[in-house]
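File shown: upload_19.pdb. Contents: PDB, C-alpha atoms and all ligand atoms.
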```pdb
ATOM      1  CA  MET A  79       5.617 -25.436  59.006
ATOM      2  CA  ARG A  80       3.473 -22.325  58.855
ATOM      3  CA  ILE A  81       6.325 -20.192  57.643
ATOM      4  CA  ARG A  82       7.270 -22.697  54.984
ATOM      5  CA  LEU A  83       3.657 -22.921  53.846
ATOM      6  CA  ALA A  84       3.445 -19.138  53.597
ATOM      7  CA  ALA A  85       6.691 -19.094  51.644
ATOM      8  CA  ALA A  86       5.341 -21.732  49.277
ATOM      9  CA  LEU A  87       2.182 -19.720  48.751
ATOM     10  CA  THR A  88       4.238 -16.613  48.039
ATOM     11  CA  VAL A  89       6.273 -18.513  45.482
ATOM     12  CA  THR A  90       3.100 -19.774  43.835
ATOM     13  CA  ALA A  91       1.668 -16.256  43.715
ATOM     14  CA  ALA A  92       4.894 -14.947  42.226
ATOM     15  CA  MET A  93       4.845 -17.655  39.578
ATOM     16  CA  LEU A  94       1.272 -16.790  38.694
ATOM     17  CA  LEU A  95       2.229 -13.135  38.380
ATOM     18  CA  ALA A  96       5.197 -14.023  36.209
ATOM     19  CA  VAL A  97       3.123 -16.191  33.878
ATOM     20  CA  GLY A  98       0.057 -13.989  34.012
ATOM     21  CA  PRO A  99      -2.653 -14.057  31.398
ATOM     22  CA  ALA A 100      -1.490 -14.262  27.802
ATOM     23  CA  THR A 101      -1.131 -10.822  26.280
ATOM     24  CA  ALA A 102      -4.566 -10.041  24.963
ATOM     25  CA  SER A 103      -4.558  -9.531  21.227
ATOM     26  CA  ALA A 104      -6.562  -6.576  20.072
ATOM     27  CA  ALA A 105      -8.390  -8.869  17.696
ATOM     28  CA  THR A 106     -11.660 -10.194  19.103
ATOM     29  CA  GLU A 107     -13.932 -13.012  18.087
ATOM     30  CA  PHE A 108     -17.711 -13.136  18.120
ATOM     31  CA  GLY A 109     -20.545 -15.290  16.878
ATOM     32  CA  ASP A 110     -20.891 -18.933  17.725
ATOM     33  CA  THR A 111     -18.659 -22.001  17.754
ATOM     34  CA  CYS A 112     -21.526 -24.494  17.582
ATOM     35  CA  SER A 113     -21.146 -27.073  14.838
ATOM     36  CA  ALA A 114     -23.884 -27.532  12.235
ATOM     37  CA  ASP A 115     -25.806 -30.790  12.612
ATOM     38  CA  ASP A 116     -28.865 -29.831  10.637
ATOM     39  CA  ALA A 117     -29.731 -27.977   7.476
ATOM     40  CA  ALA A 118     -32.526 -26.092   5.799
ATOM     41  CA  PRO A 119     -32.960 -25.637   2.054
ATOM     42  CA  GLY A 120     -30.689 -22.981   0.628
ATOM     43  CA  THR A 121     -33.698 -20.833  -0.111
ATOM     44  CA  TYR A 122     -33.623 -19.863   3.576
ATOM     45  CA  SER A 123     -31.474 -17.132   5.024
ATOM     46  CA  LEU A 124     -30.728 -17.789   8.681
ATOM     47  CA  VAL A 125     -29.647 -15.797  11.717
ATOM     48  CA  THR A 126     -29.450 -16.525  15.433
ATOM     49  CA  LEU A 127     -32.106 -14.501  17.247
ATOM     50  CA  SER A 128     -31.061 -15.651  20.718
ATOM     51  CA  SER A 129     -28.305 -17.896  22.031
ATOM     52  CA  PRO A 130     -28.480 -18.408  25.787
ATOM     53  CA  GLY A 131     -25.249 -19.750  27.215
ATOM     54  CA  SER A 132     -23.119 -19.814  24.083
ATOM     55  CA  GLY A 133     -19.462 -18.986  24.663
ATOM     56  CA  LEU A 134     -18.867 -16.062  22.336
ATOM     57  CA  PRO A 135     -20.804 -12.789  22.188
ATOM     58  CA  LEU A 136     -23.577 -13.187  19.621
ATOM     59  CA  THR A 137     -23.115  -9.633  18.322
ATOM     60  CA  ALA A 138     -19.897  -7.838  17.440
ATOM     61  CA  PRO A 139     -18.533  -6.444  20.719
ATOM     62  CA  THR A 140     -16.546  -3.777  18.892
ATOM     63  CA  SER A 141     -16.350  -2.038  15.551
ATOM     64  CA  GLY A 142     -13.548  -2.814  13.137
ATOM     65  CA  VAL A 143     -12.982  -5.108  10.195
ATOM     66  CA  ILE A 144     -13.877  -8.801   9.993
ATOM     67  CA  THR A 145     -10.737 -10.490   8.708
ATOM     68  CA  LYS A 146     -11.707 -14.118   9.153
ATOM     69  CA  VAL A 147     -14.976 -16.014   9.095
ATOM     70  CA  LYS A 148     -15.269 -19.465  10.663
ATOM     71  CA  VAL A 149     -17.995 -21.993   9.932
ATOM     72  CA  ASN A 150     -18.261 -25.232  11.899
ATOM     73  CA  ASN A 151     -20.006 -28.226  10.422
ATOM     74  CA  GLN A 152     -20.337 -31.823  11.569
ATOM     75  CA  LEU A 153     -22.827 -33.014   8.974
ATOM     76  CA  PRO A 154     -20.963 -35.752   7.047
ATOM     77  CA  LEU A 155     -21.591 -34.461   3.553
ATOM     78  CA  PRO A 156     -19.855 -35.814   0.426
ATOM     79  CA  PHE A 157     -19.433 -32.263  -0.905
ATOM     80  CA  SER A 158     -18.621 -28.822   0.403
ATOM     81  CA  VAL A 159     -21.491 -26.405   0.795
ATOM     82  CA  PRO A 160     -21.170 -22.956  -0.803
ATOM     83  CA  THR A 161     -22.426 -20.576   1.850
ATOM     84  CA  LEU A 162     -22.865 -16.827   1.844
ATOM     85  CA  VAL A 163     -21.835 -15.488   5.260
ATOM     86  CA  LYS A 164     -23.465 -12.124   5.801
ATOM     87  CA  VAL A 165     -22.861  -9.194   8.125
ATOM     88  CA  LEU A 166     -26.300  -8.197   9.402
ATOM     89  CA  ARG A 167     -27.088  -4.890  11.076
ATOM     90  CA  ALA A 168     -30.053  -4.664  13.459
ATOM     91  CA  ALA A 169     -32.945  -2.739  11.924
ATOM     92  CA  GLY A 170     -35.499  -3.105  14.736
ATOM     93  CA  GLY A 171     -37.335  -6.190  15.970
ATOM     94  CA  ASN A 172     -36.177  -9.253  14.091
ATOM     95  CA  SER A 173     -35.219  -7.212  11.030
ATOM     96  CA  TYR A 174     -31.670  -6.936   9.804
ATOM     97  CA  THR A 175     -29.975  -5.101   6.962
ATOM     98  CA  ALA A 176     -27.362  -7.127   5.084
ATOM     99  CA  ILE A 177     -24.215  -4.989   4.960
ATOM    100  CA  ASN A 178     -21.709  -7.270   3.308
ATOM    101  CA  GLN A 179     -21.059 -10.928   2.575
ATOM    102  CA  VAL A 180     -18.329 -13.409   1.792
ATOM    103  CA  THR A 181     -18.561 -16.884   0.291
ATOM    104  CA  ALA A 182     -17.321 -19.880   2.267
ATOM    105  CA  GLN A 183     -17.005 -23.403   0.848
ATOM    106  CA  VAL A 184     -18.000 -25.224   4.015
ATOM    107  CA  GLY A 185     -16.529 -28.684   4.416
ATOM    108  CA  ASN A 186     -16.446 -30.970   7.416
ATOM    109  CA  GLY A 187     -15.060 -29.579  10.667
ATOM    110  CA  GLN A 188     -14.078 -25.957  10.731
ATOM    111  CA  THR A 189     -13.841 -23.901   7.567
ATOM    112  CA  THR A 190     -11.990 -20.598   7.865
ATOM    113  CA  VAL A 191     -12.057 -18.028   5.093
ATOM    114  CA  ASP A 192     -10.319 -14.692   4.808
ATOM    115  CA  ALA A 193     -12.556 -11.661   4.627
ATOM    116  CA  ARG A 194     -12.395  -7.898   4.646
ATOM    117  CA  MET A 195     -15.751  -6.666   5.869
ATOM    118  CA  PRO A 196     -16.132  -3.513   7.977
ATOM    119  CA  VAL A 197     -18.315  -4.201  11.002
ATOM    120  CA  LEU A 198     -19.994  -2.089  13.662
ATOM    121  CA  ALA A 199     -20.478  -3.077  17.285
ATOM    122  CA  GLY A 200     -23.844  -4.816  17.514
ATOM    123  CA  ASP A 201     -23.724  -6.443  14.066
ATOM    124  CA  LYS A 202     -24.546 -10.150  13.710
ATOM    125  CA  LEU A 203     -23.626 -12.922  11.297
ATOM    126  CA  GLY A 204     -26.129 -14.729   9.116
ATOM    127  CA  LEU A 205     -25.925 -17.232   6.282
ATOM    128  CA  ARG A 206     -27.606 -18.530   3.191
ATOM    129  CA  GLY A 207     -26.715 -21.547   1.091
ATOM    130  CA  THR A 208     -26.246 -20.921  -2.615
ATOM    131  CA  PRO A 209     -27.161 -23.262  -5.472
ATOM    132  CA  PHE A 210     -24.541 -25.696  -6.703
ATOM    133  CA  SER A 211     -24.409 -28.998  -8.469
ATOM    134  CA  TYR A 212     -23.108 -32.333  -7.269
ATOM    135  CA  GLU A 213     -22.178 -34.989  -9.819
ATOM    136  CA  GLY A 214     -24.278 -33.245 -12.398
ATOM    137  CA  THR A 215     -27.319 -32.845 -10.177
ATOM    138  CA  PRO A 216     -28.325 -29.250  -9.408
ATOM    139  CA  ILE A 217     -28.899 -28.577  -5.715
ATOM    140  CA  GLU A 218     -30.838 -25.517  -4.636
ATOM    141  CA  GLY A 219     -28.419 -24.875  -1.809
ATOM    142  CA  ILE A 220     -28.058 -25.926   1.810
ATOM    143  CA  SER A 221     -28.340 -23.544   4.733
ATOM    144  CA  LEU A 222     -26.499 -25.147   7.639
ATOM    145  CA  TYR A 223     -27.437 -24.642  11.272
ATOM    146  CA  CYS A 224     -26.930 -26.124  14.725
ATOM    147  CA  GLY A 225     -30.193 -27.719  15.761
ATOM    148  CA  GLU A 226     -29.149 -29.382  19.007
ATOM    149  CA  VAL A 227     -28.245 -26.240  20.953
ATOM    150  CA  PRO A 228     -30.507 -23.908  22.923
ATOM    151  CA  GLY A 229     -31.395 -20.763  21.048
ATOM    152  CA  THR A 230     -33.806 -19.340  18.534
ATOM    153  CA  LEU A 231     -33.080 -19.585  14.847
ATOM    154  CA  GLY A 232     -34.550 -16.837  12.703
ATOM    155  CA  ALA A 233     -35.324 -17.649   9.080
ATOM    156  CA  THR A 234     -36.582 -15.907   5.990
ATOM    157  CA  LEU A 235     -37.217 -16.957   2.415
ATOM    158  CA  GLN A 236     -35.900 -13.561   1.349
ATOM    159  CA  GLU A 237     -32.467 -13.478  -0.206
ATOM    160  CA  ALA A 238     -31.190 -10.999   2.397
ATOM    161  CA  ALA A 239     -29.192  -9.431  -0.416
ATOM    162  CA  VAL A 240     -26.550  -6.903   0.523
ATOM    163  CA  GLY A 241     -28.259  -3.554   1.042
ATOM    164  CA  SER A 242     -31.694  -5.019   1.731
ATOM    165  CA  THR A 243     -33.539  -5.192   5.053
ATOM    166  CA  THR A 244     -35.267  -8.449   5.903
ATOM    167  CA  SER A 245     -37.365  -9.714   8.811
ATOM    168  CA  PHE A 246     -36.181 -13.062  10.161
ATOM    169  CA  GLU A 247     -39.066 -14.905  11.824
ATOM    170  CA  PRO A 248     -38.407 -17.277  14.731
ATOM    171  CA  ALA A 249     -38.431 -20.647  12.962
ATOM    172  CA  THR A 250     -37.032 -23.353  15.185
ATOM    173  CA  GLU A 251     -34.657 -24.030  18.019
ATOM    174  CA  GLY A 252     -31.052 -23.616  16.942
ATOM    175  CA  ARG A 253     -28.285 -21.235  15.993
ATOM    176  CA  VAL A 254     -26.088 -20.424  12.990
ATOM    177  CA  PRO A 255     -22.594 -22.013  13.122
ATOM    178  CA  LEU A 256     -20.766 -18.773  12.387
ATOM    179  CA  ALA A 257     -17.938 -16.938  14.132
ATOM    180  CA  ALA A 258     -15.684 -14.137  12.955
ATOM    181  CA  VAL A 259     -12.469 -12.375  13.940
ATOM    182  CA  ILE A 260     -12.633  -8.589  14.239
ATOM    183  CA  GLU A 261      -9.477  -6.534  14.016
ATOM    184  CA  PRO A 262      -9.392  -2.865  14.964
ATOM    185  CA  ASP A 263      -9.389  -0.291  12.171
ATOM    186  CA  VAL A 264      -8.042   2.831  13.801
ATOM    187  CA  ASP A 265      -7.499   4.728  10.544
ATOM    188  CA  ASN A 266     -10.915   3.620   9.280
ATOM    189  CA  ASP A 267      -9.655   2.576   5.844
ATOM    190  CA  GLY A 268     -11.554  -0.715   5.804
ATOM    191  CA  TYR A 269      -8.416  -2.831   6.309
ATOM    192  CA  GLY A 270      -7.847  -4.725   9.578
ATOM    193  CA  ASP A 271      -4.957  -3.072  11.377
ATOM    194  CA  GLU A 272      -3.249  -6.310  12.454
ATOM    195  CA  THR A 273      -3.038  -8.452   9.332
ATOM    196  CA  GLN A 274      -4.267  -6.295   6.433
ATOM    197  CA  ASP A 275      -2.912  -2.821   7.086
ATOM    198  CA  ALA A 276       0.832  -2.255   7.488
ATOM    199  CA  CYS A 277       0.264   1.450   8.115
ATOM    200  CA  PRO A 278      -2.672   1.781  10.512
ATOM    201  CA  GLN A 279      -1.619   5.377  11.174
ATOM    202  CA  SER A 280      -2.793   6.484   7.736
ATOM    203  CA  ALA A 281      -5.922   5.708   5.741
ATOM    204  CA  ALA A 282      -4.040   6.620   2.565
ATOM    205  CA  VAL A 283      -1.712   3.602   2.573
ATOM    206  CA  GLN A 284      -1.980  -0.044   3.568
ATOM    207  CA  VAL A 285       1.649  -0.973   2.863
ATOM    208  CA  ALA A 286       4.392   0.019   5.316
ATOM    209  CA  CYS A 287       4.110   3.685   6.263
ATOM    210  CA  PRO A 288       6.223   5.686   3.802
ATOM    211  CA  PRO A 289       9.305   7.359   5.285
ATOM    212  CA  VAL A 290       9.757  11.082   4.776
ATOM    213  CA  VAL A 291      12.320  11.891   2.080
ATOM    214  CA  LEU A 292      13.438  15.509   2.108
ATOM    215  CA  SER A 293      15.054  17.595  -0.612
ATOM    216  CA  SER A 294      16.152  21.180  -0.263
ATOM    217  CA  SER A 295      17.880  24.173  -1.756
ATOM    218  CA  THR A 296      19.269  27.271  -0.080
ATOM    219  CA  GLN A 297      19.724  30.930  -0.805
ATOM    220  CA  VAL A 298      22.007  33.040   1.408
ATOM    221  CA  LYS A 299      21.085  36.684   1.853
ATOM    222  CA  LYS A 300      22.657  39.434   3.901
ATOM    223  CA  GLY A 301      20.571  38.961   7.021
ATOM    224  CA  SER A 302      18.993  35.554   6.533
ATOM    225  CA  VAL A 303      19.097  32.222   4.767
ATOM    226  CA  THR A 304      16.112  30.968   2.792
ATOM    227  CA  ILE A 305      15.649  27.196   2.670
ATOM    228  CA  ILE A 306      13.248  25.666   0.168
ATOM    229  CA  VAL A 307      12.103  22.219   1.322
ATOM    230  CA  THR A 308      10.167  19.502  -0.505
ATOM    231  CA  SER A 309       8.876  16.402   1.245
ATOM    232  CA  SER A 310       7.999  13.097  -0.456
ATOM    233  CA  THR A 311       5.002  12.582   1.782
ATOM    234  CA  ALA A 312       2.720  14.692   3.961
ATOM    235  CA  ALA A 313       4.688  15.461   7.113
ATOM    236  CA  PRO A 314       5.422  18.148   9.683
ATOM    237  CA  VAL A 315       8.885  19.487   8.834
ATOM    238  CA  THR A 316      11.035  21.684  11.082
ATOM    239  CA  VAL A 317      14.058  23.779  10.086
ATOM    240  CA  LYS A 318      16.663  24.993  12.568
ATOM    241  CA  GLY A 319      20.102  26.528  12.243
ATOM    242  CA  VAL A 320      23.223  26.868  14.398
ATOM    243  CA  ALA A 321      26.158  29.174  13.500
ATOM    244  CA  LYS A 322      29.532  29.038  15.216
ATOM    245  CA  LEU A 323      30.618  32.511  16.257
ATOM    246  CA  GLY A 324      33.997  31.504  17.702
ATOM    247  CA  LYS A 325      35.158  31.256  21.314
ATOM    248  CA  GLY A 326      32.469  28.631  21.911
ATOM    249  CA  LYS A 327      29.657  31.024  21.163
ATOM    250  CA  LYS A 328      26.759  29.928  18.986
ATOM    251  CA  ALA A 329      23.875  31.638  17.264
ATOM    252  CA  LYS A 330      20.727  29.502  17.239
ATOM    253  CA  MET A 331      17.955  30.192  14.720
ATOM    254  CA  ASN A 332      14.542  28.591  14.367
ATOM    255  CA  GLY A 333      12.849  28.475  10.986
ATOM    256  CA  GLY A 334       9.689  26.977  12.444
ATOM    257  CA  THR A 335       7.554  23.958  11.610
ATOM    258  CA  GLN A 336       5.224  23.614   8.632
ATOM    259  CA  ASN A 337       2.919  20.764   7.652
ATOM    260  CA  LEU A 338       4.176  19.940   4.187
ATOM    261  CA  LEU A 339       2.202  18.328   1.405
ATOM    262  CA  PRO A 340       4.071  15.999  -0.928
ATOM    263  CA  GLY A 341       5.797  17.568  -3.900
ATOM    264  CA  THR A 342       5.246  21.213  -2.950
ATOM    265  CA  LEU A 343       7.963  23.842  -2.496
ATOM    266  CA  ASN A 344       7.947  25.302   0.987
ATOM    267  CA  LYS A 345       9.935  28.296   2.133
ATOM    268  CA  TYR A 346      11.627  28.575   5.508
ATOM    269  CA  ARG A 347      13.761  31.501   6.637
ATOM    270  CA  LEU A 348      16.497  31.570   9.248
ATOM    271  CA  PHE A 349      16.933  35.166  10.336
ATOM    272  CA  PHE A 350      20.434  35.935  11.617
ATOM    273  CA  THR A 351      20.720  36.806  15.302
ATOM    274  CA  LYS A 352      22.321  40.051  16.433
ATOM    275  CA  GLY A 353      25.425  38.123  17.442
ATOM    276  CA  LEU A 354      25.746  36.487  14.018
ATOM    277  CA  LYS A 355      25.245  39.791  12.188
ATOM    278  CA  LYS A 356      27.943  41.364  14.384
ATOM    279  CA  ARG A 357      30.335  38.486  13.722
ATOM    280  CA  LEU A 358      29.798  38.662   9.951
ATOM    281  CA  LYS A 359      30.510  42.394   9.981
ATOM    282  CA  GLU A 360      33.784  41.687  11.766
ATOM    283  CA  LEU A 361      34.941  39.127   9.192
ATOM    284  CA  PRO A 362      36.434  39.942   5.756
ATOM    285  CA  PRO A 363      34.689  38.287   2.772
ATOM    286  CA  LYS A 364      37.506  35.742   2.468
ATOM    287  CA  ARG A 365      36.584  34.285   5.822
ATOM    288  CA  SER A 366      33.287  32.757   6.746
ATOM    289  CA  VAL A 367      31.047  31.541   9.551
ATOM    290  CA  LYS A 368      29.873  27.918   9.480
ATOM    291  CA  LEU A 369      26.127  27.490   9.585
ATOM    292  CA  THR A 370      24.601  24.051  10.149
ATOM    293  CA  VAL A 371      20.991  23.764   9.022
ATOM    294  CA  THR A 372      18.951  20.825  10.298
ATOM    295  CA  ILE A 373      15.770  19.875   8.447
ATOM    296  CA  SER A 374      13.692  17.189  10.133
ATOM    297  CA  GLY A 375      10.406  15.591   9.113
ATOM    298  CA  THR A 376       8.274  13.053  10.963
ATOM    299  CA  SER A 377       6.416  10.277   9.127
ATOM    300  CA  VAL A 378       2.908   9.121  10.076
ATOM    301  CA  ALA A 379       4.560   6.181  11.832
ATOM    302  CA  GLY A 380       6.671   8.569  13.922
ATOM    303  CA  ALA A 381       9.966   7.893  12.110
ATOM    304  CA  VAL A 382      12.087  11.036  11.950
ATOM    305  CA  THR A 383      14.128  11.836   8.833
ATOM    306  CA  THR A 384      16.875  14.407   9.311
ATOM    307  CA  LYS A 385      18.800  16.253   6.624
ATOM    308  CA  ILE A 386      21.809  18.359   7.575
ATOM    309  CA  LEU A 387      23.162  21.180   5.405
ATOM    310  CA  LYS A 388      26.565  22.813   5.980
ATOM    311  CA  LEU A 389      26.684  26.373   4.756
ATOM    312  CA  LYS A 390      29.386  29.008   4.794
ATOM    313  CA  LEU A 391      28.331  32.572   5.463
ATOM    314  CA  LYS A 392      30.891  34.974   4.007
ATOM    315  CA  GLY A 393      32.244  37.829   6.095
ATOM    316  CA  GLN A 394      30.609  41.173   5.440
ATOM    317  CA  ALA A 395      33.400  43.495   6.659
TER     318      ALA A 395
HETATM  319 CA    CA A 401      -6.878   0.126   8.982
END
```

Can you turn what I pasted into structure tokens?
Ligand SMILES: [Ca+2]
Amino acid sequence: MRIRLAAALTVTAAMLLAVGPATASAATEFGDTCSADDAAPGTYSLVTLSSPGSGLPLTAPTSGVITKVKVNNQLPLPFSVPTLVKVLRAAGGNSYTAINQVTAQVGNGQTTVDARMPVLAGDKLGLRGTPFSYEGTPIEGISLYCGEVPGTLGATLQEAAVGSTTSFEPATEGRVPLAAVIEPDVDNDGYGDETQDACPQSAAVQVACPPVVLSSSTQVKKGSVTIIVTSSTAAPVTVKGVAKLGKGKKAKMNGGTQNLLPGTLNKYRLFFTKGLKKRLKELPPKRSVKLTVTISGTSVAGAVTTKILKLKLKGQA
């Protein structure tokens, strides 16, 4: 029985290993998943000052770009509530500087809106209701919050406009019902690398990384070949050459690597080896040596484009 039990345990362990934890996405979520059950007039800007025991980190655990904002609400309202969701950066004490904001039309349940707001580790989310009208009646705005959860809600009558720094005074128990998804932004172009940026290797483009397209011309001289190369996009480009000398012998030449800028003419030279020079001197002008030139460029995404040129070097006897 013992052996069988041990075997069963081993099988269980193996199954756990095989299943394992789900592959962690690089995107992370922060804020709060509490659901609003209370509201202040929209003249108040709100932030959570403390949130003991809430599930998500209250502040951004990492820098990147906020690509989604989530607002939870369980107040049964007959209208949606226009809400400015703000990225707030700590400015000492209970003061925060509003860095950016996005508007969410908060309905019942969870409202998710797309966003593109750069965020630094340590930033928080805050909100403010904005004025609207319902059936012809103007409403000054509604600032939603969770009042039945432990925590300290900070409030200010200041607008907390983007660019301004505002002190949020502890007002009541509660928290703001805001969460957000942060995606990494490795190239620091302000676009989330997972859903907004198809080329996270380059800040210059957000669509798929452009492949390298090479064009070239050649000029054969007595002791070398000059290759002029143009690349469609910034890329390191290498030129190499191999000449067949007969009897299985080869002459290998390296034209080097240059970091090309798009649209510029760049000169490479393949200097003939001693063996190639000797072979050319042996051959009459009617005969020739085959030279294969390989031009290769690497895109920002690591894709290699190769262009091969076949040249004939006339005998020099
Ligand atoms: Ca990016």

TODO: List the neighbours of segment 280-283 of chain A out to 8 Å using only C-alpha atoms; skip same-chain residues closer than 3 positions along the sequence, and give me the result as a PyMOL selection string.
DONE: chain A and resi 265-267+275+277+286-287+378

Those residues with C-alpha atoms, as a PDB file, in the coordinates of the input please?
```pdb
ATOM      1  CA  ASP A 265      -7.499   4.728  10.544  1.00  0.00           C
ATOM      2  CA  ASN A 266     -10.915   3.620   9.280  1.00  0.00           C
ATOM      3  CA  ASP A 267      -9.655   2.576   5.844  1.00  0.00           C
ATOM      4  CA  ASP A 275      -2.912  -2.821   7.086  1.00  0.00           C
ATOM      5  CA  CYS A 277       0.264   1.450   8.115  1.00  0.00           C
ATOM      6  CA  ALA A 286       4.392   0.019   5.316  1.00  0.00           C
ATOM      7  CA  CYS A 287       4.110   3.685   6.263  1.00  0.00           C
ATOM      8  CA  VAL A 378       2.908   9.121  10.076  1.00  0.00           C
TER       9      VAL A 378
END
```

Task: Residue members of the PyMOL selection byres (((chain A and resi 138) around 9) and not hetatm) in the file shown, as a PyMOL selection string - done: chain A and resi 106-109+135-137+139-141+197-203+258+260

Open item on the list: List the spatial neighbours of Pro160 of chain A as number ranges by chain - criterion: any atom at most 6 Å away, all atoms listed in the file, same-chain residues fewer than 5 positions off excluded.
Closed with: A: 182-183, 208

- [ ] Rank nothing, just name the residue among A:Thr145, A:Ser123, A:Thr372, A:Thr161 nearest to Phe210 of chain A, using only C-alpha atoms.
- [x]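 Looking at the shortest contact to Phe210 of chain A, the residue is A:Thr161.
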
Could you tell me which residues the PyMOL selection byres (((chain A and resi 312) around 6) and not hetatm) grabs in this file, written as a CSV table (one decimal) with C-alpha atoms, in the coordinates of the input?
```
chain,number,residue,atom,x,y,z
A,311,THR,CA,5.0,12.6,1.8
A,313,ALA,CA,4.7,15.5,7.1
A,338,LEU,CA,4.2,19.9,4.2
A,339,LEU,CA,2.2,18.3,1.4
A,340,PRO,CA,4.1,16.0,-0.9
```

Task: Pick from A:Gly219, A:Gly301, A:Gly214, A:Gly142, whichever lies nearest to Tyr122 of chain A using only C-alpha atoms - done: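 Of all the options, A:Gly219 lies closest to Tyr122 of chain A.
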
TODO: Work out how far atom CA of Thr296 of chain A is from atom CA of Lys390 of chain A, in Å to one decimal.
DONE: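 Between atom CA of Lys390 of chain A and atom CA of Thr296 of chain A the gap works out to 11.4 Å.
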
TODO: Would you work out the distance separating atom CA of Tyr212 of chain A from atom CA of Val184 of chain A, expressed in Å to one decimal?
DONE: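 According to the coordinates, atom CA of Tyr212 of chain A and atom CA of Val184 of chain A are separated by 14.3 Å.
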
Is it possible to produce a file of segment 258-272 of chain A from this structure, with N, CA and C atoms, as a CSV table (one decimal), in the first residue's frame?
```
chain,number,residue,atom,x,y,z
A,258,ALA,N,-6.7,49.3,-13.3
A,258,ALA,CA,-6.2,49.5,-14.6
A,258,ALA,C,-5.2,48.4,-15.0
A,259,VAL,N,-5.1,48.2,-16.3
A,259,VAL,CA,-4.1,47.2,-16.8
A,259,VAL,C,-2.9,48.0,-17.3
A,260,ILE,N,-1.8,47.6,-16.9
A,260,ILE,CA,-0.5,48.2,-17.3
A,260,ILE,C,0.2,47.2,-18.3
A,261,GLU,N,0.6,47.6,-19.4
A,261,GLU,CA,1.4,46.8,-20.3
A,261,GLU,C,2.8,47.4,-20.3
A,262,PRO,N,3.8,46.6,-20.5
A,262,PRO,CA,5.2,47.2,-20.6
A,262,PRO,C,5.3,48.1,-21.8
A,263,ASP,N,6.3,49.0,-21.7
A,263,ASP,CA,6.6,49.8,-22.9
A,263,ASP,C,8.1,49.9,-23.0
A,264,VAL,N,8.6,48.8,-23.5
A,264,VAL,CA,10.1,48.7,-23.6
A,264,VAL,C,10.8,49.8,-24.4
A,265,ASP,N,10.1,50.1,-25.5
A,265,ASP,CA,10.7,51.2,-26.4
A,265,ASP,C,10.3,52.6,-26.0
A,266,ASN,N,9.5,52.7,-24.9
A,266,ASN,CA,9.2,54.0,-24.4
A,266,ASN,C,8.6,54.9,-25.4
A,267,ASP,N,7.7,54.4,-26.2
A,267,ASP,CA,7.0,55.3,-27.2
A,267,ASP,C,5.6,55.7,-26.8
A,268,GLY,N,5.2,55.2,-25.5
A,268,GLY,CA,3.9,55.6,-25.1
A,268,GLY,C,2.8,54.7,-25.5
A,269,TYR,N,3.1,53.6,-26.2
A,269,TYR,CA,2.1,52.6,-26.7
A,269,TYR,C,2.4,51.3,-26.0
A,270,GLY,N,1.4,50.7,-25.4
A,270,GLY,CA,1.5,49.4,-24.7
A,270,GLY,C,2.1,48.3,-25.6
A,271,ASP,N,3.1,47.6,-25.2
A,271,ASP,CA,3.8,46.7,-26.1
A,271,ASP,C,3.0,45.5,-26.5
A,272,GLU,N,1.9,45.2,-25.8
A,272,GLU,CA,1.2,44.0,-26.0
A,272,GLU,C,0.0,44.2,-27.0
```
